[in-house]
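S.K.: Mind having a look at this structure? Questions to follow.
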Amino acid sequence: MNRSLVITFTLFFSLMAVQCIAADSKMGTVDMQKILLLSDAGKDAKEQLAVRAAKYEAEKNLKEDELKKLKGELEKQSVLLSESARSAKEKDYQQKLKEYQRFLKDAQDDLQAKNDEFTNKIIDEIVKVVQEFGKKSGYTFIFVKNESMIYLDDKIDLTDELLKQFNAARKAAKK
């Protein structure tokens, strides 16, 4: 009986403490995805990735054309070539195909790594701006919006303000 009484009082006083803290708290939320997509830094990163992807795409097209040409030659000449010559051409084609597949994987890995690098750098910068904003503006909590949050009042969404602050901070740092 004493144990349940102690647990009840502990829960009661914990809830009271949480209510007191929450009453004096100033809370906000930020949509990091929105800032990543709409910020100047996010747009710059997207452009850089697009340029890099375009280079890979052009190289991919050249390699595909070369493979098609080799395949065509192999099909046209296969009946005319000796067994050893046909085998050598098939081996050459298979080697080029492996190189092409390796190129595709390496290009994809490189683009993903560059995207992660840009994203992590931008997030680190956003976090600094959010922390500074939170301290200056007297916030107790600033949460990152995510899909596990069932309801958030739009009045506490700081995303647009923080997007402006983030863009301004980056412009000031470039000067």
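Chain lettering (A, B, ...) mirrors the order of the structure tokens, residue numbering begins at 1 for each chain separately, and ligand numbering begins at 1 in order of display.
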Where in segment 14-171 of chain A does DSSP assign helix (DSSP H, G or I), given as a short mmCIF file (atom, residue, chain, number, x, y, z; two decimals) with N, CA and C atoms, in the first residue's frame?
M.R.:
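What follows is the written file out-v7.cif:
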```
data_model
loop_
_atom_site.label_atom_id
_atom_site.label_comp_id
_atom_site.auth_asym_id
_atom_site.auth_seq_id
_atom_site.Cartn_x
_atom_site.Cartn_y
_atom_site.Cartn_z
N SER A 14 5.32 15.08 -10.39
CA SER A 14 6.00 15.16 -11.69
C SER A 14 5.13 15.89 -12.70
N LEU A 15 3.84 15.55 -12.71
CA LEU A 15 2.92 16.23 -13.63
C LEU A 15 2.79 17.71 -13.29
N MET A 16 2.77 18.02 -12.02
CA MET A 16 2.69 19.43 -11.60
C MET A 16 3.94 20.19 -12.06
N ALA A 17 5.11 19.56 -11.91
CA ALA A 17 6.36 20.20 -12.32
C ALA A 17 6.38 20.42 -13.83
N VAL A 18 5.94 19.43 -14.59
CA VAL A 18 5.90 19.56 -16.05
C VAL A 18 4.95 20.69 -16.45
N GLN A 19 3.80 20.80 -15.79
CA GLN A 19 2.86 21.87 -16.10
C GLN A 19 3.46 23.24 -15.78
N CYS A 20 4.17 23.35 -14.67
CA CYS A 20 4.81 24.63 -14.33
C CYS A 20 5.87 25.00 -15.36
N ILE A 21 6.67 24.03 -15.77
CA ILE A 21 7.71 24.29 -16.77
C ILE A 21 7.07 24.66 -18.09
N ALA A 22 6.04 23.91 -18.49
CA ALA A 22 5.38 24.16 -19.77
C ALA A 22 4.69 25.52 -19.79
N ALA A 23 4.17 25.96 -18.65
CA ALA A 23 3.47 27.24 -18.60
C ALA A 23 4.43 28.40 -18.87
N MET A 32 12.89 21.36 -41.32
CA MET A 32 14.25 21.33 -41.88
C MET A 32 14.23 21.03 -43.38
N GLN A 33 13.33 20.15 -43.81
CA GLN A 33 13.23 19.81 -45.23
C GLN A 33 12.89 21.04 -46.06
N LYS A 34 11.97 21.84 -45.56
CA LYS A 34 11.56 23.04 -46.28
C LYS A 34 12.74 24.01 -46.41
N ILE A 35 13.49 24.17 -45.34
CA ILE A 35 14.65 25.06 -45.38
C ILE A 35 15.70 24.51 -46.34
N LEU A 36 15.92 23.19 -46.30
CA LEU A 36 16.89 22.59 -47.22
C LEU A 36 16.50 22.83 -48.68
N LEU A 37 15.22 22.74 -48.98
CA LEU A 37 14.76 22.90 -50.36
C LEU A 37 14.69 24.36 -50.81
N LEU A 38 14.30 25.25 -49.92
CA LEU A 38 14.02 26.63 -50.31
C LEU A 38 15.15 27.62 -50.02
N ASP A 40 18.83 29.46 -50.06
CA ASP A 40 19.81 29.73 -51.11
C ASP A 40 20.88 28.63 -51.14
N ALA A 41 21.30 28.18 -49.97
CA ALA A 41 22.32 27.14 -49.88
C ALA A 41 21.79 25.83 -50.48
N GLY A 42 20.55 25.51 -50.19
CA GLY A 42 19.94 24.30 -50.74
C GLY A 42 19.81 24.36 -52.25
N LYS A 43 19.43 25.52 -52.75
CA LYS A 43 19.31 25.69 -54.21
C LYS A 43 20.68 25.61 -54.88
N ASP A 44 21.70 26.20 -54.26
CA ASP A 44 23.07 26.11 -54.80
C ASP A 44 23.54 24.66 -54.85
N ALA A 45 23.29 23.94 -53.77
CA ALA A 45 23.70 22.53 -53.72
C ALA A 45 22.98 21.72 -54.79
N LYS A 46 21.71 22.00 -54.96
CA LYS A 46 20.93 21.28 -55.99
C LYS A 46 21.49 21.56 -57.38
N GLU A 47 21.85 22.82 -57.65
CA GLU A 47 22.44 23.17 -58.94
C GLU A 47 23.78 22.46 -59.15
N GLN A 48 24.61 22.45 -58.13
CA GLN A 48 25.91 21.79 -58.25
C GLN A 48 25.75 20.29 -58.51
N LEU A 49 24.78 19.68 -57.83
CA LEU A 49 24.52 18.27 -58.06
C LEU A 49 23.98 18.03 -59.47
N ALA A 50 23.15 18.93 -59.96
CA ALA A 50 22.59 18.80 -61.31
C ALA A 50 23.70 18.88 -62.36
N VAL A 51 24.65 19.80 -62.17
CA VAL A 51 25.78 19.92 -63.10
C VAL A 51 26.60 18.63 -63.09
N ARG A 52 26.86 18.14 -61.91
CA ARG A 52 27.64 16.90 -61.78
C ARG A 52 26.89 15.73 -62.42
N ALA A 53 25.59 15.65 -62.18
CA ALA A 53 24.77 14.58 -62.75
C ALA A 53 24.73 14.67 -64.28
N ALA A 54 24.70 15.88 -64.81
CA ALA A 54 24.68 16.07 -66.27
C ALA A 54 25.98 15.56 -66.89
N LYS A 55 27.10 15.81 -66.22
CA LYS A 55 28.39 15.30 -66.71
C LYS A 55 28.38 13.77 -66.75
N TYR A 56 27.89 13.17 -65.68
CA TYR A 56 27.81 11.71 -65.64
C TYR A 56 26.85 11.19 -66.71
N GLU A 57 25.77 11.88 -66.92
CA GLU A 57 24.79 11.47 -67.93
C GLU A 57 25.41 11.49 -69.32
N ALA A 58 26.18 12.54 -69.63
CA ALA A 58 26.84 12.63 -70.93
C ALA A 58 27.84 11.49 -71.11
N GLU A 59 28.61 11.23 -70.07
CA GLU A 59 29.58 10.14 -70.14
C GLU A 59 28.88 8.78 -70.27
N LYS A 60 27.77 8.65 -69.57
CA LYS A 60 26.97 7.41 -69.65
C LYS A 60 26.48 7.19 -71.08
N ASN A 61 26.00 8.25 -71.70
CA ASN A 61 25.50 8.14 -73.08
C ASN A 61 26.61 7.73 -74.05
N LEU A 62 27.79 8.28 -73.87
CA LEU A 62 28.94 7.89 -74.71
C LEU A 62 29.27 6.41 -74.54
N LYS A 63 29.27 5.96 -73.29
CA LYS A 63 29.59 4.56 -73.02
C LYS A 63 28.51 3.63 -73.58
N GLU A 64 27.24 4.06 -73.48
CA GLU A 64 26.15 3.25 -74.04
C GLU A 64 26.27 3.15 -75.56
N ASP A 65 26.61 4.25 -76.21
CA ASP A 65 26.78 4.24 -77.67
C ASP A 65 27.92 3.29 -78.07
N GLU A 66 29.01 3.34 -77.31
CA GLU A 66 30.14 2.46 -77.60
C GLU A 66 29.73 1.00 -77.43
N LEU A 67 28.96 0.71 -76.38
CA LEU A 67 28.51 -0.67 -76.16
C LEU A 67 27.58 -1.13 -77.29
N LYS A 68 26.68 -0.26 -77.71
CA LYS A 68 25.76 -0.62 -78.81
C LYS A 68 26.54 -0.90 -80.09
N LYS A 69 27.56 -0.09 -80.33
CA LYS A 69 28.39 -0.25 -81.53
C LYS A 69 29.12 -1.60 -81.47
N LEU A 70 29.72 -1.91 -80.32
CA LEU A 70 30.42 -3.19 -80.17
C LEU A 70 29.47 -4.37 -80.32
N LYS A 71 28.29 -4.25 -79.73
CA LYS A 71 27.29 -5.32 -79.82
C LYS A 71 26.87 -5.52 -81.26
N GLY A 72 26.65 -4.44 -81.99
CA GLY A 72 26.27 -4.51 -83.40
C GLY A 72 27.34 -5.17 -84.24
N GLU A 73 28.59 -4.76 -84.01
CA GLU A 73 29.71 -5.36 -84.75
C GLU A 73 29.81 -6.86 -84.45
N LEU A 74 29.63 -7.20 -83.20
CA LEU A 74 29.72 -8.60 -82.80
C LEU A 74 28.62 -9.43 -83.47
N GLU A 75 27.41 -8.89 -83.50
CA GLU A 75 26.30 -9.62 -84.13
C GLU A 75 26.49 -9.75 -85.64
N LYS A 76 26.97 -8.70 -86.29
CA LYS A 76 27.17 -8.72 -87.74
C LYS A 76 28.31 -9.65 -88.15
N GLN A 77 29.38 -9.63 -87.35
CA GLN A 77 30.59 -10.36 -87.74
C GLN A 77 30.68 -11.75 -87.13
N GLU A 83 36.39 -18.81 -84.39
CA GLU A 83 35.97 -19.02 -82.99
C GLU A 83 36.79 -18.17 -82.03
N SER A 84 38.09 -18.12 -82.21
CA SER A 84 38.96 -17.35 -81.30
C SER A 84 38.74 -15.84 -81.45
N ALA A 85 38.53 -15.37 -82.69
CA ALA A 85 38.29 -13.93 -82.90
C ALA A 85 36.94 -13.52 -82.31
N ARG A 86 35.93 -14.37 -82.51
CA ARG A 86 34.61 -14.08 -81.94
C ARG A 86 34.68 -14.09 -80.42
N SER A 87 35.39 -15.04 -79.88
CA SER A 87 35.56 -15.14 -78.42
C SER A 87 36.27 -13.89 -77.87
N ALA A 88 37.27 -13.41 -78.59
CA ALA A 88 38.00 -12.21 -78.16
C ALA A 88 37.08 -10.98 -78.19
N LYS A 89 36.25 -10.87 -79.24
CA LYS A 89 35.33 -9.74 -79.33
C LYS A 89 34.26 -9.80 -78.24
N GLU A 90 33.77 -11.01 -77.97
CA GLU A 90 32.78 -11.17 -76.90
C GLU A 90 33.39 -10.81 -75.55
N LYS A 91 34.63 -11.23 -75.35
CA LYS A 91 35.34 -10.92 -74.09
C LYS A 91 35.53 -9.41 -73.96
N ASP A 92 35.89 -8.75 -75.06
CA ASP A 92 36.05 -7.30 -75.06
C ASP A 92 34.72 -6.61 -74.73
N TYR A 93 33.64 -7.10 -75.32
CA TYR A 93 32.32 -6.53 -75.07
C TYR A 93 31.93 -6.71 -73.59
N GLN A 94 32.15 -7.91 -73.07
CA GLN A 94 31.82 -8.18 -71.66
C GLN A 94 32.63 -7.29 -70.72
N GLN A 95 33.89 -7.07 -71.06
CA GLN A 95 34.76 -6.20 -70.25
C GLN A 95 34.22 -4.76 -70.25
N LYS A 96 33.86 -4.28 -71.45
CA LYS A 96 33.31 -2.92 -71.56
C LYS A 96 31.98 -2.81 -70.81
N LEU A 97 31.18 -3.86 -70.86
CA LEU A 97 29.90 -3.87 -70.13
C LEU A 97 30.13 -3.79 -68.62
N LYS A 98 31.12 -4.54 -68.13
CA LYS A 98 31.46 -4.49 -66.69
C LYS A 98 31.94 -3.09 -66.31
N GLU A 99 32.78 -2.50 -67.16
CA GLU A 99 33.28 -1.14 -66.90
C GLU A 99 32.11 -0.15 -66.86
N TYR A 100 31.17 -0.32 -67.77
CA TYR A 100 29.99 0.55 -67.82
C TYR A 100 29.17 0.41 -66.53
N GLN A 101 28.94 -0.82 -66.11
CA GLN A 101 28.17 -1.05 -64.88
C GLN A 101 28.90 -0.49 -63.66
N ARG A 102 30.21 -0.64 -63.63
CA ARG A 102 31.01 -0.09 -62.53
C ARG A 102 30.93 1.44 -62.55
N PHE A 103 31.00 2.01 -63.75
CA PHE A 103 30.88 3.46 -63.89
C PHE A 103 29.54 3.95 -63.34
N LEU A 104 28.45 3.25 -63.70
CA LEU A 104 27.12 3.65 -63.21
C LEU A 104 27.06 3.63 -61.68
N LYS A 105 27.59 2.56 -61.09
CA LYS A 105 27.57 2.45 -59.63
C LYS A 105 28.44 3.53 -58.99
N ASP A 106 29.63 3.75 -59.53
CA ASP A 106 30.52 4.77 -58.99
C ASP A 106 29.90 6.17 -59.11
N ALA A 107 29.25 6.44 -60.25
CA ALA A 107 28.61 7.74 -60.44
C ALA A 107 27.48 7.93 -59.43
N GLN A 108 26.68 6.89 -59.26
CA GLN A 108 25.58 6.96 -58.30
C GLN A 108 26.12 7.16 -56.88
N ASP A 109 27.15 6.42 -56.52
CA ASP A 109 27.75 6.55 -55.19
C ASP A 109 28.33 7.95 -54.98
N ASP A 110 28.98 8.48 -56.01
CA ASP A 110 29.57 9.81 -55.92
C ASP A 110 28.48 10.87 -55.74
N LEU A 111 27.41 10.77 -56.52
CA LEU A 111 26.32 11.75 -56.39
C LEU A 111 25.67 11.67 -55.01
N GLN A 112 25.49 10.45 -54.51
CA GLN A 112 24.90 10.28 -53.18
C GLN A 112 25.81 10.85 -52.10
N ALA A 113 27.11 10.57 -52.22
CA ALA A 113 28.07 11.09 -51.23
C ALA A 113 28.11 12.62 -51.26
N LYS A 114 28.09 13.20 -52.45
CA LYS A 114 28.12 14.66 -52.57
C LYS A 114 26.83 15.25 -52.00
N ASN A 115 25.70 14.61 -52.28
CA ASN A 115 24.43 15.07 -51.73
C ASN A 115 24.45 15.03 -50.20
N ASP A 116 24.96 13.93 -49.65
CA ASP A 116 25.06 13.81 -48.19
C ASP A 116 25.99 14.89 -47.61
N GLU A 117 27.10 15.13 -48.30
CA GLU A 117 28.05 16.15 -47.85
C GLU A 117 27.39 17.54 -47.82
N PHE A 118 26.73 17.89 -48.92
CA PHE A 118 26.04 19.19 -48.98
C PHE A 118 24.96 19.28 -47.89
N THR A 119 24.16 18.22 -47.78
CA THR A 119 23.06 18.22 -46.81
C THR A 119 23.57 18.38 -45.39
N ASN A 120 24.58 17.60 -45.03
CA ASN A 120 25.12 17.68 -43.67
C ASN A 120 25.70 19.06 -43.36
N LYS A 121 26.39 19.64 -44.33
CA LYS A 121 26.96 20.97 -44.13
C LYS A 121 25.86 22.01 -43.92
N ILE A 122 24.84 21.94 -44.75
CA ILE A 122 23.73 22.90 -44.64
C ILE A 122 22.99 22.71 -43.33
N ILE A 123 22.75 21.47 -42.94
CA ILE A 123 22.05 21.21 -41.67
C ILE A 123 22.84 21.75 -40.50
N ASP A 124 24.16 21.56 -40.52
CA ASP A 124 24.99 22.11 -39.44
C ASP A 124 24.84 23.63 -39.35
N GLU A 125 24.81 24.29 -40.51
CA GLU A 125 24.64 25.75 -40.54
C GLU A 125 23.25 26.15 -40.05
N ILE A 126 22.24 25.40 -40.46
CA ILE A 126 20.86 25.70 -40.02
C ILE A 126 20.76 25.56 -38.51
N VAL A 127 21.33 24.50 -37.97
CA VAL A 127 21.26 24.26 -36.53
C VAL A 127 21.86 25.44 -35.77
N LYS A 128 22.98 25.96 -36.24
CA LYS A 128 23.60 27.11 -35.57
C LYS A 128 22.67 28.32 -35.60
N VAL A 129 22.04 28.57 -36.74
CA VAL A 129 21.12 29.70 -36.86
C VAL A 129 19.92 29.51 -35.94
N VAL A 130 19.39 28.29 -35.89
CA VAL A 130 18.23 28.00 -35.03
C VAL A 130 18.60 28.19 -33.56
N GLN A 131 19.76 27.70 -33.17
CA GLN A 131 20.19 27.85 -31.78
C GLN A 131 20.35 29.32 -31.41
N GLU A 132 20.99 30.07 -32.28
CA GLU A 132 21.17 31.50 -32.03
C GLU A 132 19.83 32.22 -31.95
N PHE A 133 18.94 31.91 -32.89
CA PHE A 133 17.61 32.50 -32.90
C PHE A 133 16.85 32.15 -31.62
N GLY A 134 16.94 30.88 -31.22
CA GLY A 134 16.24 30.44 -30.00
C GLY A 134 16.73 31.16 -28.76
N LYS A 135 18.04 31.35 -28.64
CA LYS A 135 18.60 32.05 -27.49
C LYS A 135 18.18 33.52 -27.48
N LYS A 136 18.32 34.17 -28.66
CA LYS A 136 17.97 35.59 -28.73
C LYS A 136 16.49 35.85 -28.50
N SER A 137 15.66 34.93 -28.95
CA SER A 137 14.21 35.14 -28.89
C SER A 137 13.57 34.52 -27.65
N ASP A 154 0.06 25.90 -36.08
CA ASP A 154 0.82 26.67 -37.06
C ASP A 154 1.44 27.93 -36.45
N LYS A 155 0.89 28.40 -35.35
CA LYS A 155 1.41 29.62 -34.72
C LYS A 155 2.83 29.44 -34.19
N ILE A 156 3.22 28.20 -33.91
CA ILE A 156 4.57 27.99 -33.38
C ILE A 156 5.56 27.57 -34.45
N THR A 159 9.55 28.18 -39.31
CA THR A 159 10.31 27.83 -40.51
C THR A 159 10.58 29.03 -41.41
N ASP A 160 9.55 29.80 -41.73
CA ASP A 160 9.74 30.92 -42.65
C ASP A 160 10.69 31.98 -42.07
N GLU A 161 10.55 32.26 -40.79
CA GLU A 161 11.44 33.22 -40.14
C GLU A 161 12.87 32.70 -40.13
N LEU A 162 13.03 31.42 -39.81
CA LEU A 162 14.37 30.84 -39.77
C LEU A 162 14.98 30.72 -41.16
N LEU A 163 14.16 30.51 -42.18
CA LEU A 163 14.65 30.48 -43.56
C LEU A 163 15.24 31.85 -43.92
N LYS A 164 14.54 32.92 -43.55
CA LYS A 164 15.05 34.27 -43.80
C LYS A 164 16.36 34.50 -43.05
N GLN A 165 16.38 34.10 -41.79
CA GLN A 165 17.58 34.28 -40.96
C GLN A 165 18.76 33.49 -41.53
N PHE A 166 18.48 32.27 -41.98
CA PHE A 166 19.54 31.41 -42.52
C PHE A 166 20.12 32.01 -43.80
N ASN A 167 19.25 32.45 -44.70
CA ASN A 167 19.73 33.07 -45.94
C ASN A 167 20.53 34.34 -45.65
N ALA A 168 20.05 35.13 -44.71
CA ALA A 168 20.75 36.37 -44.34
C ALA A 168 22.12 36.06 -43.73
N ALA A 169 22.17 35.05 -42.89
CA ALA A 169 23.44 34.68 -42.25
C ALA A 169 24.46 34.20 -43.29
N ARG A 170 24.01 33.46 -44.28
CA ARG A 170 24.92 32.99 -45.34
C ARG A 170 25.41 34.14 -46.20
N LYS A 171 24.52 35.09 -46.49
CA LYS A 171 24.94 36.24 -47.28
C LYS A 171 25.95 37.08 -46.52
#
```
S.K.: In terms of the shortest atom-to-atom distance over only C-alpha atoms, which of A:Leu80, A:Ser39, A:Leu158, A:Glu147 is closest to Lys26 of chain A?
M.R.: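 Of all the options, A:Leu158 lies closest to Lys26 of chain A.
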